[in-house]
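Just upload07.txt here, compact mmCIF, C-alpha atoms:
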# COMPACT_ATOMS: atom_id res chain seq x y z
CA MET A 1098 -21.70 -4.99 17.97
CA ASN A 1099 -21.41 -7.77 20.53
CA PRO A 1100 -19.38 -7.10 23.72
CA THR A 1101 -16.32 -9.04 22.51
CA LEU A 1102 -16.12 -6.99 19.33
CA GLN A 1103 -16.95 -3.72 21.09
CA GLY A 1104 -14.22 -4.21 23.71
CA ILE A 1105 -13.85 -2.83 27.23
CA GLY A 1106 -11.08 -1.03 29.10
CA MET A 1107 -7.87 -1.23 27.04
CA THR A 1108 -9.81 -2.67 24.08
CA SER A 1109 -12.67 -0.15 24.13
CA ARG A 1110 -13.85 2.29 21.49
CA ARG A 1111 -12.21 5.09 23.47
CA THR A 1112 -8.85 3.29 23.21
CA ARG A 1113 -9.32 2.97 19.44
CA GLU A 1114 -10.05 6.70 19.27
CA ARG A 1115 -6.77 7.41 21.04
CA MET A 1116 -5.05 5.22 18.46
CA THR A 1117 -6.54 7.19 15.57
CA ARG A 1118 -5.49 10.49 17.14
CA ARG A 1119 -1.95 9.10 17.37
CA LEU A 1120 -2.09 8.00 13.73
CA LEU A 1121 -3.16 11.51 12.76
CA ALA A 1122 -0.21 12.94 14.69
CA GLN A 1123 2.08 10.45 12.88
CA GLY A 1124 1.02 11.84 9.52
CA ILE A 1125 -1.94 9.68 8.43
CA THR A 1126 -4.34 12.14 6.78
CA SER A 1127 -6.98 9.99 5.04
CA ASN A 1128 -10.23 10.39 6.94
CA LYS A 1129 -11.55 7.16 5.39
CA VAL A 1130 -8.57 5.17 6.65
CA LEU A 1131 -8.71 6.76 10.10
CA ASP A 1132 -12.44 6.08 10.37
CA VAL A 1133 -12.08 2.41 9.45
CA MET A 1134 -9.09 1.96 11.78
CA GLY A 1135 -11.12 3.56 14.57
CA ARG A 1136 -14.09 1.23 14.25
CA THR A 1137 -12.26 -2.06 13.56
CA PRO A 1138 -11.59 -4.10 16.73
CA ARG A 1139 -7.88 -4.92 16.39
CA HIS A 1140 -7.93 -6.79 19.71
CA ILE A 1141 -9.86 -9.74 18.27
CA PHE A 1142 -6.98 -10.44 15.87
CA VAL A 1143 -4.42 -11.13 18.63
CA ASP A 1144 -4.33 -13.71 21.42
CA GLU A 1145 -6.44 -12.77 24.44
CA ALA A 1146 -3.29 -12.46 26.57
CA LEU A 1147 -2.11 -9.63 24.30
CA SER A 1148 -5.46 -7.89 23.78
CA SER A 1149 -4.66 -5.10 26.24
CA ARG A 1150 -1.73 -4.15 23.97
CA ALA A 1151 -3.70 -4.32 20.72
CA TYR A 1152 -3.89 -0.56 20.24
CA GLU A 1153 -0.28 0.21 21.07
CA ASP A 1154 1.83 1.26 18.10
CA THR A 1155 3.78 -1.95 17.97
CA ALA A 1156 3.85 -5.23 16.06
CA LEU A 1157 2.64 -8.24 18.07
CA PRO A 1158 3.22 -11.99 17.59
CA ILE A 1159 0.39 -14.05 16.10
CA GLY A 1160 2.16 -17.42 16.04
CA PHE A 1161 4.11 -19.33 13.37
CA ASN A 1162 6.89 -16.67 13.53
CA GLN A 1163 4.48 -14.11 12.10
CA THR A 1164 3.31 -10.74 13.44
CA ILE A 1165 0.41 -8.32 13.18
CA SER A 1166 1.89 -5.08 11.85
CA GLN A 1167 1.83 -1.97 14.01
CA PRO A 1168 -1.23 0.24 13.42
CA TYR A 1169 0.85 2.98 11.78
CA ILE A 1170 2.18 0.61 9.09
CA VAL A 1171 -1.29 -0.79 8.38
CA ALA A 1172 -2.69 2.73 8.06
CA LYS A 1173 0.26 4.00 5.99
CA MET A 1174 0.20 1.11 3.50
CA THR A 1175 -3.57 1.42 3.12
CA GLU A 1176 -3.37 5.18 2.63
CA LEU A 1177 -0.62 4.82 0.02
CA LEU A 1178 -2.57 2.15 -1.84
CA LEU A 1179 -5.71 4.30 -2.01
CA GLU A 1180 -4.11 7.72 -2.42
CA PHE A 1181 -5.21 8.18 -6.03
CA GLY A 1182 -8.76 6.90 -5.71
CA GLY A 1183 -10.91 3.91 -4.85
CA LEU A 1184 -9.98 0.44 -6.04
CA GLY A 1185 -12.20 -2.40 -7.23
CA LYS A 1186 -10.08 -5.55 -6.99
CA VAL A 1187 -7.19 -5.77 -4.53
CA LEU A 1188 -4.81 -8.70 -4.04
CA GLU A 1189 -3.36 -9.07 -0.54
CA ILE A 1190 -0.27 -11.25 -0.12
CA GLY A 1191 -0.06 -12.48 3.47
CA THR A 1192 -3.45 -12.66 5.18
CA GLY A 1193 -1.80 -13.27 8.54
CA CYS A 1194 -4.28 -12.70 11.33
CA GLY A 1195 -6.65 -10.88 8.97
CA TYR A 1196 -6.47 -7.36 10.43
CA GLN A 1197 -5.08 -5.68 7.32
CA THR A 1198 -7.62 -7.68 5.31
CA ALA A 1199 -10.41 -6.26 7.47
CA ILE A 1200 -9.23 -2.69 6.88
CA LEU A 1201 -8.97 -3.21 3.12
CA ALA A 1202 -12.35 -4.95 2.83
CA GLN A 1203 -14.08 -1.86 4.22
CA LEU A 1204 -12.39 0.43 1.68
CA VAL A 1205 -12.23 -1.46 -1.64
CA GLY A 1206 -14.60 -3.45 -3.82
CA HIS A 1207 -13.22 -6.95 -3.23
CA VAL A 1208 -10.15 -8.39 -1.50
CA TYR A 1209 -8.43 -11.52 -2.80
CA THR A 1210 -6.14 -12.60 0.02
CA VAL A 1211 -3.43 -15.28 -0.08
CA GLU A 1212 -1.84 -16.97 2.94
CA ARG A 1213 0.73 -19.77 2.98
CA ILE A 1214 0.06 -20.95 6.58
CA MET A 1215 -3.26 -22.78 6.78
CA PRO A 1216 -3.94 -22.42 10.56
CA LEU A 1217 -3.45 -18.64 10.31
CA GLN A 1218 -5.80 -18.45 7.36
CA LYS A 1219 -8.48 -20.40 9.22
CA LYS A 1220 -8.32 -18.10 12.25
CA ALA A 1221 -8.38 -15.03 10.02
CA LYS A 1222 -11.49 -16.27 8.21
CA ASP A 1223 -13.27 -16.80 11.54
CA HIS A 1224 -12.43 -13.27 12.70
CA LEU A 1225 -13.43 -11.67 9.42
CA TRP A 1226 -16.68 -13.60 9.33
CA SER A 1227 -17.47 -12.36 12.86
CA LEU A 1228 -17.18 -8.82 11.48
CA LYS A 1229 -19.60 -9.75 8.66
CA LEU A 1230 -17.04 -8.86 5.99
CA LYS A 1231 -18.07 -10.91 2.97
CA ASN A 1232 -16.29 -9.19 0.06
CA ILE A 1233 -13.21 -11.36 0.65
CA SER A 1234 -11.94 -14.44 -1.20
CA TYR A 1235 -9.28 -16.68 0.39
CA GLN A 1236 -6.50 -18.76 -1.13
CA HIS A 1237 -4.03 -21.08 0.64
CA SER A 1238 -0.98 -20.71 -1.57
CA ASP A 1239 2.57 -19.47 -2.01
CA GLY A 1240 2.29 -15.68 -2.10
CA GLY A 1241 4.89 -15.36 -4.83
CA TRP A 1242 2.43 -16.92 -7.26
CA GLY A 1243 -0.20 -14.30 -6.55
CA TRP A 1244 -3.68 -15.36 -7.64
CA PRO A 1245 -3.62 -15.24 -11.44
CA GLU A 1246 -7.17 -16.54 -11.91
CA HIS A 1247 -8.59 -13.18 -10.77
CA ALA A 1248 -5.95 -10.90 -12.31
CA PRO A 1249 -5.49 -8.13 -13.25
CA TYR A 1250 -5.74 -6.27 -9.94
CA ASP A 1251 -6.23 -2.55 -9.39
CA GLY A 1252 -4.10 -2.81 -6.25
CA ILE A 1253 -1.72 -5.26 -4.61
CA LEU A 1254 -0.59 -5.05 -0.99
CA VAL A 1255 2.24 -7.30 0.21
CA ALA A 1256 2.71 -7.94 3.94
CA ALA A 1257 6.14 -9.66 3.87
CA ALA A 1258 9.48 -8.57 2.48
CA PRO A 1259 11.10 -10.28 -0.53
CA SER A 1260 14.57 -9.28 -1.70
CA GLU A 1261 13.05 -8.12 -4.97
CA ILE A 1262 9.55 -7.74 -6.39
CA PRO A 1263 8.17 -11.13 -7.54
CA GLU A 1264 7.72 -11.08 -11.31
CA MET A 1265 4.37 -12.86 -11.14
CA LEU A 1266 2.94 -10.08 -8.95
CA LEU A 1267 4.06 -7.43 -11.42
CA GLU A 1268 2.36 -9.36 -14.21
CA GLN A 1269 -0.91 -9.46 -12.26
CA MET A 1270 -1.14 -5.66 -11.92
CA ALA A 1271 -3.67 -3.85 -14.09
CA VAL A 1272 -2.42 -0.95 -16.19
CA GLY A 1273 -2.94 2.01 -13.88
CA GLY A 1274 -2.67 -0.30 -10.89
CA VAL A 1275 -0.58 0.22 -7.77
CA MET A 1276 1.40 -2.13 -5.50
CA ILE A 1277 2.64 -1.44 -1.97
CA ILE A 1278 5.48 -3.77 -0.97
CA PRO A 1279 8.40 -3.89 1.48
CA ILE A 1280 11.67 -4.85 -0.22
CA GLY A 1281 14.91 -6.07 1.37
CA ARG A 1282 16.30 -8.41 3.99
CA GLY A 1283 17.06 -8.05 7.68
CA GLY A 1284 17.40 -4.47 8.85
CA ARG A 1285 17.61 -2.97 5.35
CA GLN A 1286 14.00 -3.07 4.22
CA GLU A 1287 12.26 -0.24 2.40
CA LEU A 1288 8.61 0.34 1.62
CA GLN A 1289 8.04 0.85 -2.10
CA ARG A 1290 5.10 1.85 -4.24
CA VAL A 1291 4.96 0.45 -7.77
CA PHE A 1292 2.78 1.86 -10.54
CA ARG A 1293 2.04 -0.04 -13.72
CA THR A 1294 1.91 2.22 -16.75
CA VAL A 1295 1.23 1.55 -20.43
CA ASP A 1296 5.00 1.50 -20.98
CA GLY A 1297 6.10 -0.54 -17.93
CA TYR A 1298 6.57 0.08 -14.21
CA GLU A 1299 7.53 3.04 -12.05
CA VAL A 1300 8.91 2.50 -8.52
CA GLU A 1301 8.65 5.05 -5.73
CA GLU A 1302 10.93 4.51 -2.70
CA LEU A 1303 9.18 5.56 0.51
CA GLU A 1304 10.51 4.80 4.02
CA PRO A 1305 12.41 2.21 6.10
CA VAL A 1306 10.26 -0.61 7.48
CA THR A 1307 10.60 -3.96 9.26
CA PHE A 1308 8.62 -6.97 8.03
CA VAL A 1309 8.88 -10.73 8.31
CA PRO A 1310 10.67 -12.27 5.30
CA PHE A 1311 8.75 -13.34 2.23
CA LEU A 1312 8.89 -17.16 2.22
CA ALA A 1313 8.02 -19.66 -0.47
CA GLY A 1314 5.88 -22.79 -0.13
CA ARG A 1315 2.82 -23.63 1.97
CA GLU A 1316 2.29 -24.91 5.52

Now that the file is in, can you turn its structure into structure tokens?
Amino acid sequence: MNPTLQGIGMTSRRTRERMTRRLLAQGITSNKVLDVMGRTPRHIFVDEALSSRAYEDTALPIGFNQTISQPYIVAKMTELLLEFGGLGKVLEIGTGCGYQTAILAQLVGHVYTVERIMPLQKKAKDHLWSLKLKNISYQHSDGGWGWPEHAPYDGILVAAAPSEIPEMLLEQMAVGGVMIIPIGRGGRQELQRVFRTVDGYEVEELEPVTFVPFLAGRE
């Protein structure tokens, strides 16, 4: 790994190891998730001025009124998505800076990731390419549309909060598939896990969260 990816001081491997120990203390139990979080350089996904804070358990701005989620939320959503086994095809709504994409790409067969803000998508692609993660397909689109051309998906992970689950995303779930999504507006958001069964959908309500709102259109 080159020096920029490896990190030094507050961006070093040792700092990432402290982060994973904190995640373990916060209740993350998947060794696979902890291992990937520990070796993925989160600091390259934020502006250089914020890199020393990259491994703190906090969300950080990435521009365009968007944020990189705190490490706990990234780990928790990933763990919930993969709790019942490995997944082949996963749809990610909201590429953002690409950090969650990087974690998923190391744990599933292929990630189809959708982002509505073109400059964010471009930066994310550059970062993910630098990590040599090639099992990722990118789409500049309204996240509410999903990516029907590659449906159905074994898993869907949504990184912004709509007031209700978009119908098109439900339709793109495979039978037996799982979706992790924050639902709600303002300070009343809740993380939910949706299972698609032969007979319909089952929704599991999990914990309070704070995400940027789910917006329509492209930029």

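The gap separating CA of Gln1269 (chain A) from CA of Ala1248 (chain A) is 5.2 Å, in Å to one decimal.
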
Point to revise | Point-to-point distance in Å for CA of Val1291 (chain A) and CA of Gly1252 (chain A) | key: 9.7 Å

Practice item. Would you mind telling me which residue in A:Asp1239, A:Glu1268, A:Glu1114, A:Glu1304 lies nearest to Thr1192 (chain A) when using all atoms listed in the file? Key: A:Asp1239

Practice item. Write out as a ChimeraX atom specification the residues lying within 12 Å of Val1300 (chain A), counting only C-alpha atoms and excluding same-chain residues fewer than 3 positions away. Key: /A:1261-1262,1267,1275-1280,1287-1294,1297,1303

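Take CA of Glu1180 (chain A) and CA of Gly1124 (chain A): the distance between them is 13.6 Å.
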
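Using all atoms listed in the file, the smallest distance between any of A:Gly1195, A:Pro1168, A:Gly1160, A:Pro1305 and Asp1223 (chain A) comes from A:Gly1195.
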
Revision key, fill the gap. Nearest to Pro1249 (chain A), restricted to all atoms listed in the file and choosing among A:Ile1214, A:Val1306, A:Leu1188, A:Leu1177, comes out as A:Leu1188

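For the choices A:Leu1201, A:Leu1217, A:Leu1228, A:Glu1189, the atom-to-atom distance to Gly1241 (chain A) is smallest for A:Glu1189 when using only C-alpha atoms.
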
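Here the question is which of A:Leu1204, A:Ala1199, A:Leu1184, A:Tyr1298 gets nearest to Ser1227 (chain A) using all atoms listed in the file, and that residue is A:Ala1199.
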
Practice item. Kindly indicate which residue among A:Asn1232, A:Arg1113, A:Lys1173, A:Val1208 lies nearest to Ser1149 (chain A), using all atoms listed in the file for the distances. Key: A:Arg1113

Review point. Is there a way to get, as a PyMOL selection string, all residues within 8 Å of the point (-10.3, -12.5, 1.7) in file coordinates, counting all atoms listed in the file?
Key: chain A and resi 1192+1198+1202+1207-1211+1222+1232-1236

**Study point:** Exercise: Thr1137 (chain A) partners within 12 Å, all atoms listed in the file, chain neighbours under 2 positions left out, as a PyMOL selection string
**Key:** chain A and resi 1098+1102-1104+1108-1110+1112-1114+1116-1117+1130-1135+1139-1142+1151-1152+1168+1195-1203+1224-1225+1227-1230

**Study point:** Neighbours of point (1.3, -12.4, 3.3) within 6 Å, using all atoms listed in the file, written as JSON, numbers by chain
**Key:** {"A": [1190, 1191, 1192, 1212, 1256, 1257]}

Please return region 1273-1295 of chain A, rebuilt to N, CA and C atoms, as an mmCIF file, in the coordinates of the input.
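Generated output (rebuild-v5.cif):
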data_model
loop_
_atom_site.group_PDB
_atom_site.id
_atom_site.type_symbol
_atom_site.label_atom_id
_atom_site.label_comp_id
_atom_site.auth_asym_id
_atom_site.auth_seq_id
_atom_site.Cartn_x
_atom_site.Cartn_y
_atom_site.Cartn_z
ATOM 1 N N GLY A 1273 -2.372 1.013 -14.781
ATOM 2 C CA GLY A 1273 -2.940 2.010 -13.880
ATOM 3 C C GLY A 1273 -3.005 1.537 -12.445
ATOM 4 N N GLY A 1274 -2.621 0.276 -12.222
ATOM 5 C CA GLY A 1274 -2.670 -0.300 -10.890
ATOM 6 C C GLY A 1274 -1.486 0.110 -10.029
ATOM 7 N N VAL A 1275 -1.605 -0.162 -8.730
ATOM 8 C CA VAL A 1275 -0.580 0.220 -7.770
ATOM 9 C C VAL A 1275 -0.286 -0.954 -6.836
ATOM 10 N N MET A 1276 0.982 -1.106 -6.465
ATOM 11 C CA MET A 1276 1.400 -2.130 -5.500
ATOM 12 C C MET A 1276 2.175 -1.471 -4.374
ATOM 13 N N ILE A 1277 1.869 -1.871 -3.139
ATOM 14 C CA ILE A 1277 2.640 -1.440 -1.970
ATOM 15 C C ILE A 1277 3.360 -2.672 -1.436
ATOM 16 N N ILE A 1278 4.691 -2.584 -1.328
ATOM 17 C CA ILE A 1278 5.480 -3.770 -0.970
ATOM 18 C C ILE A 1278 6.753 -3.376 -0.243
ATOM 19 N N PRO A 1279 7.095 -4.091 0.851
ATOM 20 C CA PRO A 1279 8.400 -3.890 1.480
ATOM 21 C C PRO A 1279 9.451 -4.727 0.748
ATOM 22 N N ILE A 1280 10.614 -4.161 0.515
ATOM 23 C CA ILE A 1280 11.670 -4.850 -0.220
ATOM 24 C C ILE A 1280 12.948 -4.850 0.606
ATOM 25 N N GLY A 1281 13.632 -6.015 0.672
ATOM 26 C CA GLY A 1281 14.910 -6.070 1.370
ATOM 27 C C GLY A 1281 14.941 -7.166 2.414
ATOM 28 N N ARG A 1282 16.106 -7.383 2.972
ATOM 29 C CA ARG A 1282 16.300 -8.410 3.990
ATOM 30 C C ARG A 1282 16.824 -7.795 5.277
ATOM 31 N N GLY A 1283 16.535 -8.477 6.393
ATOM 32 C CA GLY A 1283 17.060 -8.050 7.680
ATOM 33 C C GLY A 1283 16.679 -6.625 8.019
ATOM 34 N N GLY A 1284 17.660 -5.837 8.429
ATOM 35 C CA GLY A 1284 17.400 -4.470 8.850
ATOM 36 C C GLY A 1284 17.463 -3.454 7.743
ATOM 37 N N ARG A 1285 17.462 -3.890 6.484
ATOM 38 C CA ARG A 1285 17.610 -2.970 5.350
ATOM 39 C C ARG A 1285 16.383 -3.040 4.423
ATOM 40 N N GLN A 1286 15.217 -3.018 5.012
ATOM 41 C CA GLN A 1286 14.000 -3.070 4.220
ATOM 42 C C GLN A 1286 13.475 -1.659 3.933
ATOM 43 N N GLU A 1287 12.803 -1.539 2.799
ATOM 44 C CA GLU A 1287 12.260 -0.240 2.400
ATOM 45 C C GLU A 1287 10.883 -0.447 1.803
ATOM 46 N N LEU A 1288 9.947 0.393 2.196
ATOM 47 C CA LEU A 1288 8.610 0.340 1.620
ATOM 48 C C LEU A 1288 8.639 1.005 0.253
ATOM 49 N N GLN A 1289 8.065 0.322 -0.736
ATOM 50 C CA GLN A 1289 8.040 0.850 -2.100
ATOM 51 C C GLN A 1289 6.622 0.858 -2.640
ATOM 52 N N ARG A 1290 6.365 1.810 -3.534
ATOM 53 C CA ARG A 1290 5.100 1.850 -4.240
ATOM 54 C C ARG A 1290 5.388 1.722 -5.736
ATOM 55 N N VAL A 1291 4.735 0.753 -6.355
ATOM 56 C CA VAL A 1291 4.960 0.450 -7.770
ATOM 57 C C VAL A 1291 3.707 0.807 -8.551
ATOM 58 N N PHE A 1292 3.885 1.541 -9.634
ATOM 59 C CA PHE A 1292 2.780 1.860 -10.540
ATOM 60 C C PHE A 1292 3.005 1.129 -11.864
ATOM 61 N N ARG A 1293 1.947 0.547 -12.381
ATOM 62 C CA ARG A 1293 2.040 -0.040 -13.720
ATOM 63 C C ARG A 1293 1.491 0.955 -14.735
ATOM 64 N N THR A 1294 2.308 1.294 -15.704
ATOM 65 C CA THR A 1294 1.910 2.220 -16.750
ATOM 66 C C THR A 1294 1.770 1.455 -18.073
ATOM 67 N N VAL A 1295 1.335 2.155 -19.097
ATOM 68 C CA VAL A 1295 1.230 1.550 -20.430
ATOM 69 C C VAL A 1295 2.603 1.077 -20.910
#
